[in-house]
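J.: Handing over run37.pdb, PDB, C-alpha atoms.
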```
MODEL        1
ATOM      1  CA  MET A   1      17.714-111.902  46.913  1.00  0.00           C
ATOM      2  CA  SER A   2      17.334-108.448  48.317  1.00  0.00           C
ATOM      3  CA  ASN A   3      16.760-105.220  46.309  1.00  0.00           C
ATOM      4  CA  GLU A   4      20.260-104.062  47.203  1.00  0.00           C
ATOM      5  CA  SER A   5      21.684-106.874  45.139  1.00  0.00           C
ATOM      6  CA  ASN A   6      20.070-105.281  42.048  1.00  0.00           C
ATOM      7  CA  TYR A   7      21.897-101.953  42.544  1.00  0.00           C
ATOM      8  CA  ASP A   8      23.908-100.951  39.451  1.00  0.00           C
ATOM      9  CA  PRO A   9      25.979 -97.728  39.646  1.00  0.00           C
ATOM     10  CA  GLN A  10      26.137 -97.544  35.878  1.00  0.00           C
ATOM     11  CA  ASP A  11      22.389 -97.313  35.689  1.00  0.00           C
ATOM     12  CA  ILE A  12      22.443 -94.426  38.122  1.00  0.00           C
ATOM     13  CA  ASP A  13      25.087 -92.604  36.091  1.00  0.00           C
ATOM     14  CA  THR A  14      23.075 -93.107  32.943  1.00  0.00           C
ATOM     15  CA  LYS A  15      19.992 -91.819  34.657  1.00  0.00           C
ATOM     16  CA  ASN A  16      21.873 -88.766  35.905  1.00  0.00           C
ATOM     17  CA  GLN A  17      23.261 -88.085  32.433  1.00  0.00           C
ATOM     18  CA  VAL A  18      19.781 -88.317  30.942  1.00  0.00           C
ATOM     19  CA  GLU A  19      18.443 -85.927  33.547  1.00  0.00           C
ATOM     20  CA  GLU A  20      21.358 -83.523  33.000  1.00  0.00           C
ATOM     21  CA  GLY A  21      20.792 -83.671  29.236  1.00  0.00           C
ATOM     22  CA  THR A  22      17.150 -82.937  29.700  1.00  0.00           C
ATOM     23  CA  VAL A  23      18.006 -79.957  31.901  1.00  0.00           C
ATOM     24  CA  ILE A  24      20.535 -78.666  29.337  1.00  0.00           C
ATOM     25  CA  GLU A  25      18.052 -79.053  26.529  1.00  0.00           C
ATOM     26  CA  ALA A  26      15.454 -77.215  28.581  1.00  0.00           C
ATOM     27  CA  ASP A  27      17.973 -74.450  29.352  1.00  0.00           C
ATOM     28  CA  GLU A  28      18.879 -74.190  25.677  1.00  0.00           C
ATOM     29  CA  ALA A  29      15.207 -74.052  24.749  1.00  0.00           C
ATOM     30  CA  ASN A  30      14.603 -71.354  27.327  1.00  0.00           C
ATOM     31  CA  LEU A  31      17.646 -69.440  26.062  1.00  0.00           C
ATOM     32  CA  MET A  32      16.386 -69.678  22.478  1.00  0.00           C
ATOM     33  CA  ASP A  33      12.984 -68.419  23.588  1.00  0.00           C
ATOM     34  CA  GLU A  34      14.592 -65.521  25.383  1.00  0.00           C
ATOM     35  CA  LEU A  35      16.747 -64.685  22.335  1.00  0.00           C
ATOM     36  CA  THR A  36      13.732 -64.873  20.067  1.00  0.00           C
ATOM     37  CA  GLN A  37      11.750 -62.635  22.356  1.00  0.00           C
ATOM     38  CA  ALA A  38      14.728 -60.260  22.582  1.00  0.00           C
ATOM     39  CA  ASN A  39      14.971 -60.142  18.787  1.00  0.00           C
ATOM     40  CA  PHE A  40      11.269 -59.398  18.543  1.00  0.00           C
ATOM     41  CA  ARG A  41      11.685 -56.684  21.152  1.00  0.00           C
ATOM     42  CA  VAL A  42      14.650 -55.201  19.262  1.00  0.00           C
ATOM     43  CA  GLU A  43      12.653 -55.168  16.030  1.00  0.00           C
ATOM     44  CA  GLU A  44       9.736 -53.586  17.858  1.00  0.00           C
ATOM     45  CA  LEU A  45      12.009 -50.913  19.336  1.00  0.00           C
ATOM     46  CA  GLU A  46      13.620 -50.274  15.942  1.00  0.00           C
ATOM     47  CA  GLN A  47      10.165 -49.795  14.412  1.00  0.00           C
ATOM     48  CA  LEU A  48       9.196 -47.433  17.232  1.00  0.00           C
ATOM     49  CA  LEU A  49      12.455 -45.512  16.742  1.00  0.00           C
ATOM     50  CA  ALA A  50      11.885 -45.238  13.000  1.00  0.00           C
ATOM     51  CA  ALA A  51       8.320 -44.071  13.585  1.00  0.00           C
ATOM     52  CA  SER A  52       9.519 -41.529  16.148  1.00  0.00           C
ATOM     53  CA  GLU A  53      12.207 -40.238  13.781  1.00  0.00           C
ATOM     54  CA  ALA A  54       9.657 -39.932  10.963  1.00  0.00           C
ATOM     55  CA  ALA A  55       7.247 -38.105  13.261  1.00  0.00           C
ATOM     56  CA  LEU A  56      10.045 -35.797  14.426  1.00  0.00           C
ATOM     57  CA  ALA A  57      11.092 -35.069  10.845  1.00  0.00           C
ATOM     58  CA  GLU A  58       7.468 -34.360   9.908  1.00  0.00           C
ATOM     59  CA  ARG A  59       7.074 -32.068  12.909  1.00  0.00           C
ATOM     60  CA  LYS A  60      10.270 -30.208  12.019  1.00  0.00           C
ATOM     61  CA  ASP A  61       8.981 -29.808   8.462  1.00  0.00           C
ATOM     62  CA  VAL A  62       5.664 -28.482   9.779  1.00  0.00           C
ATOM     63  CA  GLU A  63       7.500 -26.060  12.082  1.00  0.00           C
ATOM     64  CA  ILE A  64       9.723 -24.845   9.240  1.00  0.00           C
ATOM     65  CA  ARG A  65       6.701 -24.336   6.994  1.00  0.00           C
ATOM     66  CA  ALA A  66       4.840 -22.551   9.790  1.00  0.00           C
ATOM     67  CA  ALA A  67       7.829 -20.270  10.422  1.00  0.00           C
ATOM     68  CA  ALA A  68       8.111 -19.508   6.711  1.00  0.00           C
ATOM     69  CA  GLU A  69       4.384 -18.805   6.472  1.00  0.00           C
ATOM     70  CA  THR A  70       4.577 -16.550   9.517  1.00  0.00           C
ATOM     71  CA  GLN A  71       7.465 -14.650   7.948  1.00  0.00           C
ATOM     72  CA  ASN A  72       5.524 -14.336   4.692  1.00  0.00           C
ATOM     73  CA  ILE A  73       2.510 -12.992   6.580  1.00  0.00           C
ATOM     74  CA  ARG A  74       4.707 -10.461   8.371  1.00  0.00           C
ATOM     75  CA  THR A  75       6.321  -9.411   5.101  1.00  0.00           C
ATOM     76  CA  ARG A  76       2.945  -9.032   3.383  1.00  0.00           C
ATOM     77  CA  ALA A  77       1.543  -7.133   6.355  1.00  0.00           C
ATOM     78  CA  ALA A  78       4.526  -4.781   6.403  1.00  0.00           C
ATOM     79  CA  LYS A  79       4.175  -4.255   2.653  1.00  0.00           C
ATOM     80  CA  ASP A  80       0.441  -3.604   2.999  1.00  0.00           C
ATOM     81  CA  VAL A  81       1.079  -1.102   5.769  1.00  0.00           C
ATOM     82  CA  GLU A  82       3.733   0.625   3.657  1.00  0.00           C
ATOM     83  CA  GLN A  83       1.414   0.691   0.642  1.00  0.00           C
ATOM     84  CA  ALA A  84      -1.414   2.034   2.768  1.00  0.00           C
ATOM     85  CA  ARG A  85       0.866   4.695   4.180  1.00  0.00           C
ATOM     86  CA  LYS A  86       2.167   5.726   0.770  1.00  0.00           C
ATOM     87  CA  PHE A  87      -1.187   5.772  -1.001  1.00  0.00           C
ATOM     88  CA  ALA A  88      -3.598   6.722   1.792  1.00  0.00           C
ATOM     89  CA  LEU A  89      -3.807  10.193   0.232  1.00  0.00           C
ATOM     90  CA  GLU A  90      -4.517   8.897  -3.284  1.00  0.00           C
ATOM     91  CA  LYS A  91      -8.230   9.713  -3.272  1.00  0.00           C
ATOM     92  CA  PHE A  92      -7.640  13.048  -1.559  1.00  0.00           C
ATOM     93  CA  ALA A  93      -4.851  13.966  -4.006  1.00  0.00           C
ATOM     94  CA  THR A  94      -7.067  13.017  -6.958  1.00  0.00           C
ATOM     95  CA  GLU A  95      -9.761  15.353  -5.670  1.00  0.00           C
ATOM     96  CA  LEU A  96      -7.206  18.190  -5.576  1.00  0.00           C
ATOM     97  CA  LEU A  97      -6.289  17.872  -9.261  1.00  0.00           C
ATOM     98  CA  PRO A  98      -9.242  19.967 -10.525  1.00  0.00           C
ATOM     99  CA  VAL A  99      -8.140  22.752  -8.155  1.00  0.00           C
ATOM    100  CA  LEU A 100      -4.661  22.697  -9.687  1.00  0.00           C
ATOM    101  CA  ASP A 101      -6.189  22.632 -13.171  1.00  0.00           C
ATOM    102  CA  ASN A 102      -8.261  25.723 -12.357  1.00  0.00           C
ATOM    103  CA  MET A 103      -5.150  27.526 -11.159  1.00  0.00           C
ATOM    104  CA  GLU A 104      -3.445  26.610 -14.435  1.00  0.00           C
ATOM    105  CA  ARG A 105      -6.386  28.048 -16.377  1.00  0.00           C
ATOM    106  CA  ALA A 106      -6.315  31.210 -14.255  1.00  0.00           C
ATOM    107  CA  LEU A 107      -2.650  31.678 -15.136  1.00  0.00           C
ATOM    108  CA  GLN A 108      -3.360  31.101 -18.816  1.00  0.00           C
ATOM    109  CA  GLY A 109      -6.172  33.668 -18.729  1.00  0.00           C
ATOM    110  CA  THR A 110      -4.023  36.372 -17.139  1.00  0.00           C
ATOM    111  CA  SER A 111      -0.623  37.875 -17.835  1.00  0.00           C
ATOM    112  CA  ALA A 112       2.186  39.320 -15.762  1.00  0.00           C
ATOM    113  CA  GLU A 113       2.744  41.853 -18.548  1.00  0.00           C
ATOM    114  CA  ASN A 114      -0.786  43.206 -18.370  1.00  0.00           C
ATOM    115  CA  GLU A 115      -1.203  45.740 -15.567  1.00  0.00           C
ATOM    116  CA  ALA A 116      -4.895  44.885 -15.248  1.00  0.00           C
ATOM    117  CA  THR A 117      -4.225  41.203 -14.539  1.00  0.00           C
ATOM    118  CA  LYS A 118      -0.666  41.376 -13.197  1.00  0.00           C
ATOM    119  CA  ALA A 119      -1.670  41.268  -9.529  1.00  0.00           C
ATOM    120  CA  LEU A 120      -4.100  38.401 -10.139  1.00  0.00           C
ATOM    121  CA  TYR A 121      -1.488  36.486 -12.117  1.00  0.00           C
ATOM    122  CA  GLU A 122       1.166  36.888  -9.446  1.00  0.00           C
ATOM    123  CA  GLY A 123      -1.282  35.932  -6.689  1.00  0.00           C
ATOM    124  CA  VAL A 124      -2.437  32.783  -8.466  1.00  0.00           C
ATOM    125  CA  GLU A 125       1.133  31.871  -9.421  1.00  0.00           C
ATOM    126  CA  LEU A 126       2.341  32.279  -5.830  1.00  0.00           C
ATOM    127  CA  THR A 127      -0.605  30.272  -4.491  1.00  0.00           C
ATOM    128  CA  MET A 128      -0.025  27.491  -7.003  1.00  0.00           C
ATOM    129  CA  LYS A 129       3.701  27.270  -6.236  1.00  0.00           C
ATOM    130  CA  GLY A 130       2.936  27.005  -2.531  1.00  0.00           C
ATOM    131  CA  PHE A 131       0.230  24.434  -3.211  1.00  0.00           C
ATOM    132  CA  LEU A 132       2.560  22.279  -5.338  1.00  0.00           C
ATOM    133  CA  SER A 133       5.345  22.595  -2.771  1.00  0.00           C
ATOM    134  CA  THR A 134       2.962  21.392  -0.066  1.00  0.00           C
ATOM    135  CA  VAL A 135       1.615  18.370  -1.951  1.00  0.00           C
ATOM    136  CA  GLU A 136       5.140  17.375  -3.019  1.00  0.00           C
ATOM    137  CA  LYS A 137       5.932  16.806   0.674  1.00  0.00           C
ATOM    138  CA  PHE A 138       3.321  14.046   0.573  1.00  0.00           C
ATOM    139  CA  GLY A 139       4.656  12.439  -2.615  1.00  0.00           C
ATOM    140  CA  VAL A 140       2.552  14.221  -5.260  1.00  0.00           C
ATOM    141  CA  VAL A 141       4.662  15.279  -8.252  1.00  0.00           C
ATOM    142  CA  GLN A 142       3.504  17.220 -11.300  1.00  0.00           C
ATOM    143  CA  VAL A 143       4.161  15.798 -14.776  1.00  0.00           C
ATOM    144  CA  SER A 144       4.809  18.582 -17.306  1.00  0.00           C
ATOM    145  CA  PRO A 145       6.717  16.854 -20.119  1.00  0.00           C
ATOM    146  CA  LEU A 146       7.073  19.663 -22.692  1.00  0.00           C
ATOM    147  CA  GLY A 147      10.116  18.901 -24.848  1.00  0.00           C
ATOM    148  CA  GLU A 148      10.535  15.405 -23.380  1.00  0.00           C
ATOM    149  CA  THR A 149      10.353  12.094 -25.236  1.00  0.00           C
ATOM    150  CA  PHE A 150       6.825  10.697 -25.254  1.00  0.00           C
ATOM    151  CA  ASN A 151       6.346   8.146 -22.465  1.00  0.00           C
ATOM    152  CA  PRO A 152       3.129   6.111 -22.755  1.00  0.00           C
ATOM    153  CA  GLU A 153       3.349   5.187 -19.069  1.00  0.00           C
ATOM    154  CA  HIS A 154       2.987   8.830 -17.979  1.00  0.00           C
ATOM    155  CA  HIS A 155       1.628  10.593 -21.057  1.00  0.00           C
ATOM    156  CA  GLN A 156      -1.598  10.325 -23.005  1.00  0.00           C
ATOM    157  CA  ALA A 157      -1.238  11.386 -26.632  1.00  0.00           C
ATOM    158  CA  ILE A 158      -4.181  13.371 -27.967  1.00  0.00           C
ATOM    159  CA  GLY A 159      -2.696  13.510 -31.440  1.00  0.00           C
ATOM    160  CA  MET A 160       0.448  13.953 -33.551  1.00  0.00           C
ATOM    161  CA  GLN A 161       1.534  16.899 -35.677  1.00  0.00           C
ATOM    162  CA  PRO A 162       4.520  17.689 -37.887  1.00  0.00           C
ATOM    163  CA  SER A 163       6.986  20.075 -36.269  1.00  0.00           C
ATOM    164  CA  ALA A 164      10.272  21.547 -37.378  1.00  0.00           C
ATOM    165  CA  GLU A 165      10.993  22.706 -33.815  1.00  0.00           C
ATOM    166  CA  TYR A 166      10.523  19.397 -31.969  1.00  0.00           C
ATOM    167  CA  PRO A 167      12.093  16.051 -32.988  1.00  0.00           C
ATOM    168  CA  GLU A 168       9.936  13.064 -33.780  1.00  0.00           C
ATOM    169  CA  ASN A 169       8.190  11.392 -30.813  1.00  0.00           C
ATOM    170  CA  THR A 170       8.746  14.466 -28.605  1.00  0.00           C
ATOM    171  CA  VAL A 171       6.026  16.208 -26.581  1.00  0.00           C
ATOM    172  CA  MET A 172       5.405  19.504 -28.357  1.00  0.00           C
ATOM    173  CA  LEU A 173       2.348  20.667 -26.401  1.00  0.00           C
ATOM    174  CA  VAL A 174       0.969  19.912 -22.922  1.00  0.00           C
ATOM    175  CA  MET A 175      -2.780  20.419 -22.806  1.00  0.00           C
ATOM    176  CA  GLN A 176      -3.234  19.100 -19.279  1.00  0.00           C
ATOM    177  CA  LYS A 177      -0.481  18.298 -16.800  1.00  0.00           C
ATOM    178  CA  GLY A 178      -0.318  14.916 -15.159  1.00  0.00           C
ATOM    179  CA  TYR A 179       0.396  13.920 -11.573  1.00  0.00           C
ATOM    180  CA  ILE A 180       2.172  11.048  -9.815  1.00  0.00           C
ATOM    181  CA  LEU A 181       1.806   9.914  -6.195  1.00  0.00           C
ATOM    182  CA  ASN A 182       4.805   7.987  -4.862  1.00  0.00           C
ATOM    183  CA  ASP A 183       5.593   6.492  -8.295  1.00  0.00           C
ATOM    184  CA  ARG A 184       1.927   5.647  -8.920  1.00  0.00           C
ATOM    185  CA  LEU A 185       0.262   7.528 -11.747  1.00  0.00           C
ATOM    186  CA  LEU A 186      -2.710   9.569 -10.583  1.00  0.00           C
ATOM    187  CA  ARG A 187      -3.407  11.052 -13.999  1.00  0.00           C
ATOM    188  CA  PRO A 188      -1.438  11.023 -17.267  1.00  0.00           C
ATOM    189  CA  ALA A 189      -0.427  14.271 -18.904  1.00  0.00           C
ATOM    190  CA  MET A 190      -2.510  14.964 -22.014  1.00  0.00           C
ATOM    191  CA  VAL A 191      -0.055  15.886 -24.764  1.00  0.00           C
ATOM    192  CA  MET A 192       0.440  16.500 -28.446  1.00  0.00           C
ATOM    193  CA  VAL A 193       3.354  14.560 -29.944  1.00  0.00           C
ATOM    194  CA  SER A 194       5.633  15.755 -32.724  1.00  0.00           C
ATOM    195  CA  GLN A 195       5.967  13.792 -35.950  1.00  0.00           C
ATOM    196  CA  GLY A 196       9.188  15.625 -36.719  1.00  0.00           C
ATOM    197  CA  GLY A 197       9.948  18.024 -39.551  1.00  0.00           C
ATOM    198  CA  ALA A 198       8.434  17.653 -43.027  1.00  0.00           C
ATOM    199  CA  SER A 199      10.537  15.532 -45.388  1.00  0.00           C
ATOM    200  CA  ILE A 200      12.527  17.418 -48.016  1.00  0.00           C
ATOM    201  CA  ASP A 201      11.812  16.513 -51.637  1.00  0.00           C
ATOM    202  CA  THR A 202      15.226  15.925 -53.276  1.00  0.00           C
ATOM    203  CA  GLN A 203      13.850  14.932 -56.654  1.00  0.00           C
ATOM    204  CA  ALA A 204      14.529  17.310 -59.560  1.00  0.00           C
TER     205      ALA A 204
ENDMDL
END
```
Translate this structure into C-alpha coordinates?
T.:
Amino acid sequence: MSNESNYDPQDIDTKNQVEEGTVIEADEANLMDELTQANFRVEELEQLLAASEAALAERKDVEIRAAAETQNIRTRAAKDVEQARKFALEKFATELLPVLDNMERALQGTSAENEATKALYEGVELTMKGFLSTVEKFGVVQVSPLGETFNPEHHQAIGMQPSAEYPENTVMLVMQKGYILNDRLLRPAMVMVSQGGASIDTQA
(Lines of atoms letter the chains of each structure in order from A and count residues from 1; the text may use other names and numbers.)
(Lines give C-alpha, C1' and ligand atoms only; values in the text may rest on other atoms or scores of the structure.)
Protein backbone atom coordinates (compact mmCIF):
# COMPACT_ATOMS: atom_id res chain seq x y z
CA MET A 1 0.00 0.00 0.00
CA SER A 2 1.38 3.36 -0.93
CA ASN A 3 1.71 6.41 1.39
CA GLU A 4 -1.02 8.16 -0.56
CA SER A 5 -3.50 5.61 0.68
CA ASN A 6 -2.85 6.85 4.24
CA TYR A 7 -3.84 10.45 3.40
CA ASP A 8 -6.62 11.74 5.68
CA PRO A 9 -7.96 15.27 5.03
CA GLN A 10 -9.40 15.42 8.52
CA ASP A 11 -5.97 15.00 10.00
CA ILE A 12 -4.72 17.89 7.92
CA ASP A 13 -7.58 20.11 9.05
CA THR A 14 -6.91 19.22 12.65
CA LYS A 15 -3.26 19.98 12.20
CA ASN A 16 -4.08 23.33 10.61
CA GLN A 17 -6.47 24.19 13.44
CA VAL A 18 -3.82 23.34 16.01
CA GLU A 19 -1.30 25.50 14.21
CA GLU A 20 -3.80 28.36 13.90
CA GLY A 21 -4.62 28.06 17.61
CA THR A 22 -0.98 28.17 18.48
CA VAL A 23 -0.54 31.28 16.34
CA ILE A 24 -3.57 32.95 17.98
CA GLU A 25 -2.32 32.10 21.43
CA ALA A 26 1.09 33.49 20.53
CA ASP A 27 -0.54 36.66 19.15
CA GLU A 28 -2.62 37.02 22.30
CA ALA A 29 0.47 36.50 24.44
CA ASN A 30 2.35 39.10 22.44
CA LEU A 31 -0.61 41.49 22.72
CA MET A 32 -0.74 40.98 26.49
CA ASP A 33 2.99 41.65 26.71
CA GLU A 34 2.59 44.81 24.70
CA LEU A 35 -0.34 45.96 26.87
CA THR A 36 1.62 45.22 30.02
CA GLN A 37 4.60 47.12 28.72
CA ALA A 38 2.30 49.97 27.66
CA ASN A 39 0.77 50.07 31.14
CA PHE A 40 4.22 50.16 32.70
CA ARG A 41 5.17 52.95 30.31
CA VAL A 42 2.00 54.89 31.18
CA GLU A 43 2.72 54.53 34.89
CA GLU A 44 6.30 55.61 34.30
CA LEU A 45 5.14 58.66 32.33
CA GLU A 46 2.56 59.51 35.01
CA GLN A 47 5.29 59.37 37.66
CA LEU A 48 7.54 61.57 35.53
CA LEU A 49 4.66 64.01 35.01
CA ALA A 50 3.92 64.13 38.73
CA ALA A 51 7.60 64.67 39.50
CA SER A 52 7.79 67.42 36.87
CA GLU A 53 4.68 69.12 38.27
CA ALA A 54 6.09 68.94 41.80
CA ALA A 55 9.41 70.36 40.61
CA LEU A 56 7.59 73.13 38.73
CA ALA A 57 5.49 73.97 41.78
CA GLU A 58 8.62 74.03 43.96
CA ARG A 59 10.39 76.27 41.45
CA LYS A 60 7.42 78.64 41.33
CA ASP A 61 7.42 78.75 45.13
CA VAL A 62 11.15 79.51 45.13
CA GLU A 63 10.64 82.25 42.53
CA ILE A 64 7.79 83.78 44.52
CA ARG A 65 9.87 83.73 47.70
CA ALA A 66 12.85 85.21 45.85
CA ALA A 67 10.66 87.98 44.40
CA ALA A 68 9.22 88.72 47.84
CA GLU A 69 12.69 88.77 49.39
CA THR A 70 13.93 91.07 46.64
CA GLN A 71 11.01 93.41 47.26
CA ASN A 72 11.71 93.34 51.00
CA ILE A 73 15.37 94.17 50.37
CA ARG A 74 14.36 97.07 48.12
CA THR A 75 11.89 98.33 50.71
CA ARG A 76 14.46 98.10 53.51
CA ALA A 77 17.10 99.77 51.35
CA ALA A 78 14.73 102.60 50.45
CA LYS A 79 13.82 103.00 54.13
CA ASP A 80 17.49 103.01 55.13
CA VAL A 81 18.26 105.62 52.50
CA GLU A 82 15.34 107.75 53.70
CA GLN A 83 16.44 107.37 57.32
CA ALA A 84 20.00 108.23 56.40
CA ARG A 85 18.81 111.27 54.50
CA LYS A 86 16.57 112.46 57.32
CA PHE A 87 19.06 111.90 60.13
CA ALA A 88 22.41 112.46 58.41
CA LEU A 89 22.60 115.82 60.21
CA GLU A 90 21.82 114.37 63.65
CA LYS A 91 25.38 114.53 64.97
CA PHE A 92 25.96 117.94 63.41
CA ALA A 93 22.67 119.29 64.81
CA THR A 94 23.53 117.93 68.27
CA GLU A 95 26.84 119.78 68.16
CA LEU A 96 24.95 123.02 67.41
CA LEU A 97 22.77 122.81 70.52
CA PRO A 98 25.38 124.34 72.87
CA VAL A 99 25.63 127.31 70.48
CA LEU A 100 21.87 127.83 70.72
CA ASP A 101 22.05 127.45 74.50
CA ASN A 102 24.73 130.15 74.68
CA MET A 103 22.56 132.48 72.63
CA GLU A 104 19.69 131.82 75.04
CA ARG A 105 21.95 132.70 77.98
CA ALA A 106 23.13 135.86 76.20
CA LEU A 107 19.51 136.94 75.81
CA GLN A 108 18.78 136.19 79.45
CA GLY A 109 21.81 138.24 80.53
CA THR A 110 20.81 141.30 78.50
CA SER A 111 17.66 143.35 78.10
CA ALA A 112 16.01 145.29 75.31
CA GLU A 113 14.92 147.84 77.91
CA ASN A 114 18.45 148.57 79.06
CA GLU A 115 20.21 151.03 76.76
CA ALA A 116 23.60 149.56 77.67
CA THR A 117 22.66 146.06 76.50
CA LYS A 118 19.87 146.87 74.03
CA ALA A 119 22.06 146.64 70.94
CA LEU A 120 23.65 143.39 72.12
CA TYR A 121 20.24 141.92 72.94
CA GLU A 122 18.79 142.82 69.56
CA GLY A 123 21.87 141.50 67.74
CA VAL A 124 21.82 138.17 69.57
CA GLU A 125 18.04 137.87 69.17
CA LEU A 126 18.25 138.54 65.43
CA THR A 127 21.13 136.07 65.03
CA MET A 128 19.28 133.40 66.98
CA LYS A 129 16.07 133.83 64.97
CA GLY A 130 18.03 133.50 61.74
CA PHE A 131 19.89 130.49 63.11
CA LEU A 132 16.66 128.73 64.14
CA SER A 133 15.03 129.57 60.81
CA THR A 134 17.99 128.01 59.00
CA VAL A 135 18.11 124.77 61.00
CA GLU A 136 14.32 124.39 60.72
CA LYS A 137 14.79 124.02 56.95
CA PHE A 138 16.74 120.85 57.73
CA GLY A 139 14.14 119.45 60.14
CA VAL A 140 15.43 120.80 63.47
CA VAL A 141 12.60 122.16 65.63
CA GLN A 142 12.91 123.82 69.03
CA VAL A 143 10.86 122.48 71.95
CA SER A 144 9.81 125.30 74.31
CA PRO A 145 6.79 123.88 76.16
CA LEU A 146 6.00 126.67 78.65
CA GLY A 147 2.32 126.41 79.57
CA GLU A 148 1.90 123.06 77.79
CA THR A 149 0.90 119.74 79.35
CA PHE A 150 3.93 117.76 80.47
CA ASN A 151 4.95 115.20 77.83
CA PRO A 152 7.50 112.64 79.05
CA GLU A 153 8.45 111.82 75.46
CA HIS A 154 9.73 115.37 74.83
CA HIS A 155 10.19 116.82 78.31
CA GLN A 156 12.44 115.97 81.22
CA ALA A 157 11.00 117.02 84.57
CA ILE A 158 13.56 118.45 86.98
CA GLY A 159 11.00 118.79 89.73
CA MET A 160 7.42 119.74 90.67
CA GLN A 161 6.14 122.79 92.51
CA PRO A 162 2.73 124.05 93.61
CA SER A 163 1.39 126.85 91.43
CA ALA A 164 -1.80 128.85 91.45
CA GLU A 165 -1.04 130.17 87.96
CA TYR A 166 -0.48 126.86 86.14
CA PRO A 167 -2.81 123.82 86.31
CA GLU A 168 -1.56 120.49 87.56
CA ASN A 169 0.83 118.59 85.26
CA THR A 170 1.57 121.75 83.23
CA VAL A 171 5.07 123.03 82.40
CA MET A 172 5.53 126.14 84.52
CA LEU A 173 9.22 126.79 83.82
CA VAL A 174 11.60 125.86 80.98
CA MET A 175 15.18 125.71 82.19
CA GLN A 176 16.63 124.39 78.95
CA LYS A 177 14.83 124.11 75.62
CA GLY A 178 14.72 120.83 73.78
CA TYR A 179 15.17 120.03 70.10
CA ILE A 180 13.69 117.54 67.63
CA LEU A 181 15.12 116.41 64.28
CA ASN A 182 12.52 115.05 61.86
CA ASP A 183 10.35 113.66 64.70
CA ARG A 184 13.39 112.19 66.47
CA LEU A 185 14.23 113.71 69.83
CA LEU A 186 17.70 115.23 69.91
CA ARG A 187 17.38 116.52 73.46
CA PRO A 188 14.41 116.78 75.84
CA ALA A 189 13.41 120.12 77.27
CA MET A 190 14.36 120.40 80.95
CA VAL A 191 11.27 121.69 82.75
CA MET A 192 9.62 122.32 86.08
CA VAL A 193 6.10 120.89 86.34
CA SER A 194 3.21 122.42 88.25
CA GLN A 195 1.46 120.49 91.01
CA GLY A 196 -1.50 122.84 90.76
CA GLY A 197 -2.81 125.29 93.34
CA ALA A 198 -2.69 124.61 97.08
CA SER A 199 -5.79 122.85 98.41
CA ILE A 200 -8.26 125.01 100.33
CA ASP A 201 -9.01 123.94 103.90
CA THR A 202 -12.82 123.92 104.22
CA GLN A 203 -12.89 122.65 107.78
CA ALA A 204 -14.17 125.07 110.45
J.: Kindly resolve the PyMOL selection byres ((chain A and resi 173) around 8) on the present coordinates and return the residues as a PyMOL selection string.
T.: chain A and resi 146+171-172+174-175+191-193
J.: When the PyMOL selection byres ((chain A and resi 114-129) around 12) is applied to the structure above, which residues does it catch, written out as a list in words?
T.: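 Written out, the selection comes to Leu96, Leu97, Val99, Leu100, Asp101, Asn102, Met103, Glu104, Arg105, Ala106, Leu107, Gln108, Gly109, Thr110, Ser111, Ala112, Glu113, Gly130, Phe131, Leu132, Ser133, Thr134, Val135, Glu136 and Gln142 of chain A.
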J.: Any idea what the distance is between CA of Leu186 (chain A) and CA of Pro162 (chain A)?
T.: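 According to the coordinates, CA of Leu186 (chain A) and CA of Pro162 (chain A) are separated by 29.4 Å.
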J.: Any chance you could work out the residue set of the PyMOL selection byres ((chain A and resi 147-159) around 10) here, as a PyMOL selection string?
T.: chain A and resi 143-146+160-161+165-180+184-195
J.: Could you please determine the separation between CA of Leu56 (chain A) and CA of Ala68 (chain A) in Å, to one decimal place?
T.: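 Taking CA of Leu56 (chain A) as the start and CA of Ala68 (chain A) as the end point, the length is 18.1 Å.
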J.: What gap, in Å, lies between CA of Glu44 (chain A) and CA of Leu31 (chain A)?
T.: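 These atoms are spaced 19.5 Å apart.
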J.: Pick from A:Arg74, A:Ser163, A:Glu25, A:Val140: nearest to Phe87 (chain A), with only C-alpha atoms counted?
T.: A:Val140
J.: Which neighbours of Lys86 (chain A) fall inside 12 Å, counting all atoms listed in the file, when residues of the same chain fewer than 2 positions from it are skipped, and could you give them as JSON, numbers by chain?
T.: {"A": [79, 80, 81, 82, 83, 84, 88, 89, 90, 91, 93, 137, 138, 139, 140, 180, 181, 182, 183, 184]}
